[in-house]
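Reading through the structure tokens given below for one structure.
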Amino acid sequence: MNSAQQSNLSNTQKVVARFAPSPTGTLHAGNYRTAVFSYLYAKKYSGEFILRIEDTDKARSTKEYEENIMESLSWLDLPFDTIYRQSENVERHKEVLVKLIAEGKAYISKEEVREEGQRAEVIRFKNPNKVVTFFDVVRGNISFDTTELKDFVIARSLEEPLFHLAVVVDDFDEGITHVIRGEDHISNTPRQILIGEAIGAPIPIYAHLPLVLAPDRTKLSKRKGARPMTDYKKDGYEPEALINYMALIGWNPGTEQEFFTKDELISEFNLARVQKSSANFDEVKLLSINRHYLLKKYLEKPEELMERLWSFASADITKHSNFESRKEVVTKNVMERLSYIGEIKKMEETGELAFYFEQPSYMAELLLCSEKMRKGVNITLQTVKEYLVGIQKEIEGMDDKLFTNAESVKATLMPFADSLHRGGVLWATRIALSGKEKSPDPFTLISLFGKEESVKRLQHAQNLL
RNA sequence: GGCCCUAUCGUCUAACGGUUAGGACGGAGCCUUUUCAAGGCUUAAAUCAGAGUUCGAUUCUCUGUAGGGUCACCA
């Protein structure tokens with residue numbers, strides 16, 4: 001049996017899939033992954049992707065969270081064709097409730113009030129108490145004996161429909177053909193099918209996706225480090241990387257391709273290759289995919305990327321008198337180690353950037369290269385001083401034209417370094433210029449700083465000795 | 001606990017019932033190099049257990065085990 005046979009929907013009907021979050025908190029990658037799958041599926045079949053805000057819980061739903069959802073979807077480039085809010089549909093829900101009650105399929109039930117806020121009367125669905133079997137595209141047939149569900153509550157009152165009722169009515173009214181959602185909804189499905197049968201709604205095609213798990217292998221949640229999608233935006237992640245990675249959690253194309261444009265995903269995606277078992281969300285892998293897209297953009301549109309990159313740095317850097325002239329080279333060097341753009345902020349905070357613009361301070365001993373680099377030669381602070389004096393002289397004697405690029409600086413200075421001690425001279429020079437154990441090579445730095453400042457920094461180093 | 005779902009390297013995963021069980025991320029090592037990063041090469045690492053079906057099981061069946069989900073007047 002396939003899904004089209006099971007469902008009483010016509011298989012020539014246009015696909016209408018939906019993403020139906022409730023605006024009661026910020027949503028994380030696990031939530032948005034279901035949006036990705038729904039979107040890809042709908043677009044693959046030239047169908048519609050609907051966003052439905054499930055805000056029937058007035059007490060917990062807020063406009064801010066709703067905006068957060070819209071912002072994320074827009075950032076991820078998952079545009080919806082239509083948006084609905086359940087709260088705007090209460091009249092219709094009421095109409096259905098009234099009809100259900102009139103037909104004896106639901107009833108007003110007197111309740112014992114145990115907690116504050118509980119109603120003395122609610123509306124319960126009259127459970128036909130049968131076994132419901134439905135076909136899930138991901139898992140095949142699933143059966144439940146609904147007897148254990150009893151007569152479940154579908155509304156607090158005529159004006160206050162609850163989740164199951166609202167979902168079924170709205171899916172029906174909106175013409176939803178495919179319900180693609182998380183596995184945590186599997187056990188809700190029989191209830192919803194029962195309601196659907198009671199109101200004469202067609203049964204949609206169900207696809208329950210495996211859950212996205214936190215590293216502790218339980219459901220992803222805020223407490224377990226799941227970040228709101230907007231955090232990735234704030235940190236300057238590439239939305240293409242998120243989409244790419246989320247698509248690959250619980251789905252694979254069956255080939256060894258790992259990077260996909262959105263259009264490629266749309267054409268490659270299918271529900272048949274969706275995994276049954278839940279998966280871990282791996283921030284490290286996300287980082288590596290992000291870096292791939294970051295580098296790609298840097299290669300394609302360096303100007304644009306540079307603008308974006310430095311918008312994450314403080315004015316101490318971007319308003320520095322040398323910033324504009326050094327920006328390009330610094331960007332190039334910084335890009336070699338960034339996984340995501342916002343990391344530049346971290347680099348600045350940990351003091352990895354300052355030396356590009358200001359005289360660094362450091363301990364004189366740092367000018368001494370490691371034993372390994374000395375290759376048996378005895379190098380003392382005095383020797384280092386001689387190296388620095390020598391290299392400074394060389395630089396002072398260089399034609400200004402030679403400073404325009406690192407290669408010409410290297411071509412001029414390397415023979416000199418070799419004549420004394422390559423490792424010792426270059427290490428000391430680099431430290432004098434950067435003050436850092438780890439930094440770009442000395443030729444790049446000399447070319448970046450120019451004659452005057454390079455000499456100044458070398459002089460500073462000599463004064464330490 | 002009841003019900004439901006799931007089970008391949010650390011992680012994400014591939015493999016018409018027949019493969020030296022493949023790839024990616026991460027790890028390790030080597031090369032390159034003045035440092036770091038990048039890059040190149042190499043490498044370690046898995047079919048939950050036990051029965052059954054079969055000439056042959058990662059793949060099918062059953063049992064066990066483990067993990068997860070769900071049991072609201074939340075969604």
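Simple scheme: letters A, B, ... for chains in structure tokens order, numbers from 1 for residues in each chain, numbers from 1 for ligands in the order shown.
Look at A24 of chain B: the protein and nucleic acid residues within 10 Å of it, using only C-alpha atoms (C1' of nucleotides) and passing over chain neighbours fewer than 4 places away, are A:Glu256, A:Gln257, A:Glu258, A:Lys285, B:C12, B:U13.
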Could those selected residues go to a file with C-alpha atoms (C1' of nucleotides), as a short mmCIF file (atom, residue, chain, number, x, y, z; two decimals), in the first residue's frame?
```
data_model
loop_
_atom_site.label_atom_id
_atom_site.label_comp_id
_atom_site.auth_asym_id
_atom_site.auth_seq_id
_atom_site.Cartn_x
_atom_site.Cartn_y
_atom_site.Cartn_z
CA GLU A 256 27.88 11.03 -1.92
CA GLN A 257 26.96 14.62 -2.62
CA GLU A 258 27.08 16.69 0.54
CA LYS A 285 29.62 19.51 11.50
"C1'" C B 12 25.49 12.11 10.42
"C1'" U B 13 24.91 8.22 7.19
#
```
Pick out the residues sitting within 10 Å of segment 437-445 of chain A, and hand them over as a CSV table (one decimal) with C-alpha atoms (C1' of nucleotides), in the first residue's frame; count only C-alpha atoms (C1' of nucleotides), and ignore anything fewer than 3 positions along from it in its own chain.
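What follows is the written file out.csv:
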```csv
chain,number,residue,atom,x,y,z
A,329,VAL,CA,44.8,41.9,3.7
A,330,VAL,CA,43.6,41.4,7.3
A,333,ASN,CA,44.3,36.3,6.8
A,334,VAL,CA,41.4,36.2,9.2
A,336,GLU,CA,41.7,31.4,6.9
A,352,GLU,CA,43.9,38.3,18.2
A,353,LEU,CA,43.3,41.3,16.0
A,355,PHE,CA,48.4,43.8,16.4
A,356,TYR,CA,47.2,44.5,12.9
A,362,TYR,CA,54.8,40.8,24.6
A,366,LEU,CA,59.0,35.2,22.9
A,367,LEU,CA,61.4,36.5,20.3
A,369,CYS,CA,62.4,30.6,18.5
A,403,PHE,CA,56.3,46.6,-0.1
A,404,THR,CA,53.2,46.3,-2.3
A,405,ASN,CA,53.0,42.6,-1.9
A,406,ALA,CA,54.3,39.8,0.3
A,407,GLU,CA,56.0,37.9,-2.5
A,408,SER,CA,58.4,40.7,-3.4
A,409,VAL,CA,59.2,41.3,0.3
A,410,LYS,CA,59.9,37.6,0.7
A,411,ALA,CA,62.1,37.5,-2.4
A,412,THR,CA,64.2,40.4,-1.0
A,413,LEU,CA,64.4,39.3,2.6
A,414,MET,CA,64.7,35.5,2.4
A,425,VAL,CA,65.5,35.5,11.9
A,426,LEU,CA,62.0,35.0,10.6
A,427,TRP,CA,60.6,33.9,13.9
A,428,ALA,CA,62.0,37.0,15.7
A,429,THR,CA,60.8,39.2,12.9
A,430,ARG,CA,57.4,37.8,13.0
A,431,ILE,CA,57.1,38.2,16.7
A,432,ALA,CA,58.4,41.7,16.6
A,433,LEU,CA,55.7,42.6,14.1
A,434,SER,CA,52.8,40.7,15.6
A,448,LEU,CA,50.9,45.2,5.3
A,449,PHE,CA,52.6,47.6,7.7
A,450,GLY,CA,54.9,49.3,5.2
A,454,SER,CA,57.7,47.7,10.3
B,34,U,C1',59.6,30.6,9.7
B,35,U,C1',54.7,29.9,13.6
B,36,C,C1',49.4,29.0,13.4
B,37,A,C1',45.7,28.1,9.9
```
Taking only residues of chain B that have an atom at most 12 Å from an atom of chain A, what is each one's shortest atom pair and its distance in Å to one decimal, using only C-alpha atoms (C1' of nucleotides), in chain and number order, as JSON lines?
```
{"residue": "B:G2", "atom": "C1'", "partner": "A:Glu148", "partner_atom": "CA", "distance": 9.1}
{"residue": "B:C3", "atom": "C1'", "partner": "A:Phe144", "partner_atom": "CA", "distance": 7.8}
{"residue": "B:C4", "atom": "C1'", "partner": "A:Ser187", "partner_atom": "CA", "distance": 6.6}
{"residue": "B:C5", "atom": "C1'", "partner": "A:Glu183", "partner_atom": "CA", "distance": 8.1}
{"residue": "B:U6", "atom": "C1'", "partner": "A:Ser277", "partner_atom": "CA", "distance": 5.1}
{"residue": "B:A7", "atom": "C1'", "partner": "A:Ser277", "partner_atom": "CA", "distance": 7.7}
{"residue": "B:G10", "atom": "C1'", "partner": "A:Pro215", "partner_atom": "CA", "distance": 11.2}
{"residue": "B:U11", "atom": "C1'", "partner": "A:Asp282", "partner_atom": "CA", "distance": 6.8}
{"residue": "B:C12", "atom": "C1'", "partner": "A:Ile249", "partner_atom": "CA", "distance": 6.8}
{"residue": "B:U13", "atom": "C1'", "partner": "A:Asn252", "partner_atom": "CA", "distance": 7.6}
{"residue": "B:A14", "atom": "C1'", "partner": "A:Gly254", "partner_atom": "CA", "distance": 6.8}
{"residue": "B:A15", "atom": "C1'", "partner": "A:Gly254", "partner_atom": "CA", "distance": 9.9}
{"residue": "B:G22", "atom": "C1'", "partner": "A:Glu256", "partner_atom": "CA", "distance": 9.5}
{"residue": "B:G23", "atom": "C1'", "partner": "A:Glu256", "partner_atom": "CA", "distance": 6.2}
{"residue": "B:A24", "atom": "C1'", "partner": "A:Glu258", "partner_atom": "CA", "distance": 7.5}
{"residue": "B:C25", "atom": "C1'", "partner": "A:Lys285", "partner_atom": "CA", "distance": 5.0}
{"residue": "B:G26", "atom": "C1'", "partner": "A:Val284", "partner_atom": "CA", "distance": 7.7}
{"residue": "B:U33", "atom": "C1'", "partner": "A:Asp441", "partner_atom": "CA", "distance": 10.2}
{"residue": "B:U34", "atom": "C1'", "partner": "A:Gly423", "partner_atom": "CA", "distance": 4.8}
{"residue": "B:U35", "atom": "C1'", "partner": "A:Lys438", "partner_atom": "CA", "distance": 5.4}
{"residue": "B:C36", "atom": "C1'", "partner": "A:Lys438", "partner_atom": "CA", "distance": 4.4}
{"residue": "B:A37", "atom": "C1'", "partner": "A:Arg337", "partner_atom": "CA", "distance": 5.8}
{"residue": "B:A38", "atom": "C1'", "partner": "A:Glu336", "partner_atom": "CA", "distance": 6.3}
{"residue": "B:G39", "atom": "C1'", "partner": "A:Glu336", "partner_atom": "CA", "distance": 11.3}
{"residue": "B:G67", "atom": "C1'", "partner": "A:Arg217", "partner_atom": "CA", "distance": 8.0}
{"residue": "B:G68", "atom": "C1'", "partner": "A:Thr218", "partner_atom": "CA", "distance": 6.8}
{"residue": "B:G69", "atom": "C1'", "partner": "A:Asp184", "partner_atom": "CA", "distance": 5.4}
{"residue": "B:U70", "atom": "C1'", "partner": "A:Ser187", "partner_atom": "CA", "distance": 6.0}
{"residue": "B:C71", "atom": "C1'", "partner": "A:Leu149", "partner_atom": "CA", "distance": 8.7}
{"residue": "B:A72", "atom": "C1'", "partner": "A:Val153", "partner_atom": "CA", "distance": 9.2}
{"residue": "B:C73", "atom": "C1'", "partner": "A:Arg156", "partner_atom": "CA", "distance": 5.6}
{"residue": "B:C74", "atom": "C1'", "partner": "A:Asp57", "partner_atom": "CA", "distance": 7.3}
{"residue": "B:A75", "atom": "C1'", "partner": "A:Ser22", "partner_atom": "CA", "distance": 6.1}
```
Subject >> Picked from segment 60-105 of chain A by DSSP as helix (DSSP H, G or I), as a ChimeraX atom specification >> reply: /A:63-76,86-102
Same residues, N, CA and C atoms, saved as an mmCIF file, in the first residue's frame:
```cif
data_model
loop_
_atom_site.group_PDB
_atom_site.id
_atom_site.type_symbol
_atom_site.label_atom_id
_atom_site.label_comp_id
_atom_site.auth_asym_id
_atom_site.auth_seq_id
_atom_site.Cartn_x
_atom_site.Cartn_y
_atom_site.Cartn_z
ATOM 1 N N LYS A 63 3.238 37.722 20.309
ATOM 2 C CA LYS A 63 3.540 38.301 19.006
ATOM 3 C C LYS A 63 5.054 38.257 18.741
ATOM 4 N N GLU A 64 5.826 38.426 19.807
ATOM 5 C CA GLU A 64 7.289 38.427 19.658
ATOM 6 C C GLU A 64 7.781 37.089 19.114
ATOM 7 N N TYR A 65 7.233 36.020 19.671
ATOM 8 C CA TYR A 65 7.652 34.698 19.204
ATOM 9 C C TYR A 65 7.207 34.462 17.768
ATOM 10 N N GLU A 66 6.025 34.988 17.470
ATOM 11 C CA GLU A 66 5.542 34.856 16.096
ATOM 12 C C GLU A 66 6.493 35.579 15.141
ATOM 13 N N GLU A 67 6.922 36.747 15.547
ATOM 14 C CA GLU A 67 7.847 37.501 14.703
ATOM 15 C C GLU A 67 9.189 36.797 14.582
ATOM 16 N N ASN A 68 9.580 36.178 15.665
ATOM 17 C CA ASN A 68 10.821 35.416 15.651
ATOM 18 C C ASN A 68 10.750 34.280 14.616
ATOM 19 N N ILE A 69 9.597 33.649 14.537
ATOM 20 C CA ILE A 69 9.406 32.567 13.564
ATOM 21 C C ILE A 69 9.488 33.103 12.140
ATOM 22 N N MET A 70 8.826 34.222 11.918
ATOM 23 C CA MET A 70 8.825 34.822 10.577
ATOM 24 C C MET A 70 10.230 35.265 10.185
ATOM 25 N N GLU A 71 10.919 35.832 11.145
ATOM 26 C CA GLU A 71 12.273 36.304 10.879
ATOM 27 C C GLU A 71 13.173 35.131 10.483
ATOM 28 N N SER A 72 13.044 34.031 11.211
ATOM 29 C CA SER A 72 13.864 32.859 10.934
ATOM 30 C C SER A 72 13.568 32.274 9.554
ATOM 31 N N LEU A 73 12.291 32.149 9.265
ATOM 32 C CA LEU A 73 11.879 31.581 7.980
ATOM 33 C C LEU A 73 12.382 32.446 6.820
ATOM 34 N N SER A 74 12.296 33.735 7.038
ATOM 35 C CA SER A 74 12.726 34.639 5.993
ATOM 36 C C SER A 74 14.243 34.574 5.824
ATOM 37 N N TRP A 75 14.946 34.485 6.946
ATOM 38 C CA TRP A 75 16.405 34.392 6.883
ATOM 39 C C TRP A 75 16.849 33.100 6.193
ATOM 40 N N LEU A 76 16.153 32.028 6.517
ATOM 41 C CA LEU A 76 16.506 30.732 5.930
ATOM 42 C C LEU A 76 16.072 30.635 4.468
ATOM 43 N N GLN A 86 -4.398 30.485 13.868
ATOM 44 C CA GLN A 86 -5.549 29.743 14.376
ATOM 45 C C GLN A 86 -6.487 30.630 15.171
ATOM 46 N N SER A 87 -5.914 31.612 15.841
ATOM 47 C CA SER A 87 -6.746 32.479 16.671
ATOM 48 C C SER A 87 -7.752 33.262 15.825
ATOM 49 N N GLU A 88 -7.454 33.390 14.525
ATOM 50 C CA GLU A 88 -8.366 34.133 13.656
ATOM 51 C C GLU A 88 -9.467 33.234 13.113
ATOM 52 N N ASN A 89 -9.456 32.005 13.562
ATOM 53 C CA ASN A 89 -10.379 31.020 13.004
ATOM 54 C C ASN A 89 -11.360 30.469 14.032
ATOM 55 N N VAL A 90 -11.474 31.159 15.180
ATOM 56 C CA VAL A 90 -12.286 30.583 16.262
ATOM 57 C C VAL A 90 -13.764 30.453 15.898
ATOM 58 N N GLU A 91 -14.266 31.347 15.057
ATOM 59 C CA GLU A 91 -15.673 31.251 14.643
ATOM 60 C C GLU A 91 -15.925 29.929 13.946
ATOM 61 N N ARG A 92 -15.032 29.599 13.065
ATOM 62 C CA ARG A 92 -15.156 28.351 12.319
ATOM 63 C C ARG A 92 -15.038 27.134 13.271
ATOM 64 N N HIS A 93 -14.113 27.238 14.223
ATOM 65 C CA HIS A 93 -13.959 26.152 15.185
ATOM 66 C C HIS A 93 -15.232 25.972 16.010
ATOM 67 N N LYS A 94 -15.815 27.097 16.356
ATOM 68 C CA LYS A 94 -17.050 27.071 17.134
ATOM 69 C C LYS A 94 -18.168 26.399 16.351
ATOM 70 N N GLU A 95 -18.261 26.773 15.076
ATOM 71 C CA GLU A 95 -19.263 26.207 14.183
ATOM 72 C C GLU A 95 -19.146 24.672 14.150
ATOM 73 N N VAL A 96 -17.894 24.215 14.036
ATOM 74 C CA VAL A 96 -17.652 22.768 13.989
ATOM 75 C C VAL A 96 -18.035 22.120 15.318
ATOM 76 N N LEU A 97 -17.684 22.790 16.396
ATOM 77 C CA LEU A 97 -18.014 22.251 17.724
ATOM 78 C C LEU A 97 -19.527 22.123 17.906
ATOM 79 N N VAL A 98 -20.209 23.165 17.493
ATOM 80 C CA VAL A 98 -21.667 23.153 17.624
ATOM 81 C C VAL A 98 -22.248 21.988 16.831
ATOM 82 N N LYS A 99 -21.745 21.820 15.623
ATOM 83 C CA LYS A 99 -22.237 20.746 14.755
ATOM 84 C C LYS A 99 -21.938 19.373 15.368
ATOM 85 N N LEU A 100 -20.724 19.229 15.852
ATOM 86 C CA LEU A 100 -20.311 17.964 16.466
ATOM 87 C C LEU A 100 -21.218 17.609 17.648
ATOM 88 N N ILE A 101 -21.516 18.648 18.431
ATOM 89 C CA ILE A 101 -22.375 18.419 19.601
ATOM 90 C C ILE A 101 -23.790 18.060 19.150
ATOM 91 N N ALA A 102 -24.261 18.795 18.149
ATOM 92 C CA ALA A 102 -25.610 18.539 17.635
ATOM 93 C C ALA A 102 -25.732 17.117 17.104
#
```
Going by DSSP on the backbone, which bits of segment 208-274 of chain A are strand (DSSP E)? Write them as an mmCIF file with C-alpha atoms, in the first residue's frame, please.
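Okay, this is what ended up in part_1.cif:
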```
data_model
loop_
_atom_site.group_PDB
_atom_site.id
_atom_site.type_symbol
_atom_site.label_atom_id
_atom_site.label_comp_id
_atom_site.auth_asym_id
_atom_site.auth_seq_id
_atom_site.Cartn_x
_atom_site.Cartn_y
_atom_site.Cartn_z
ATOM 1 C CA HIS A 208 6.465 11.747 10.779
ATOM 2 C CA LEU A 209 10.076 12.761 10.787
ATOM 3 C CA VAL A 212 16.500 15.847 16.197
ATOM 4 C CA LEU A 213 18.272 15.048 19.423
#
```
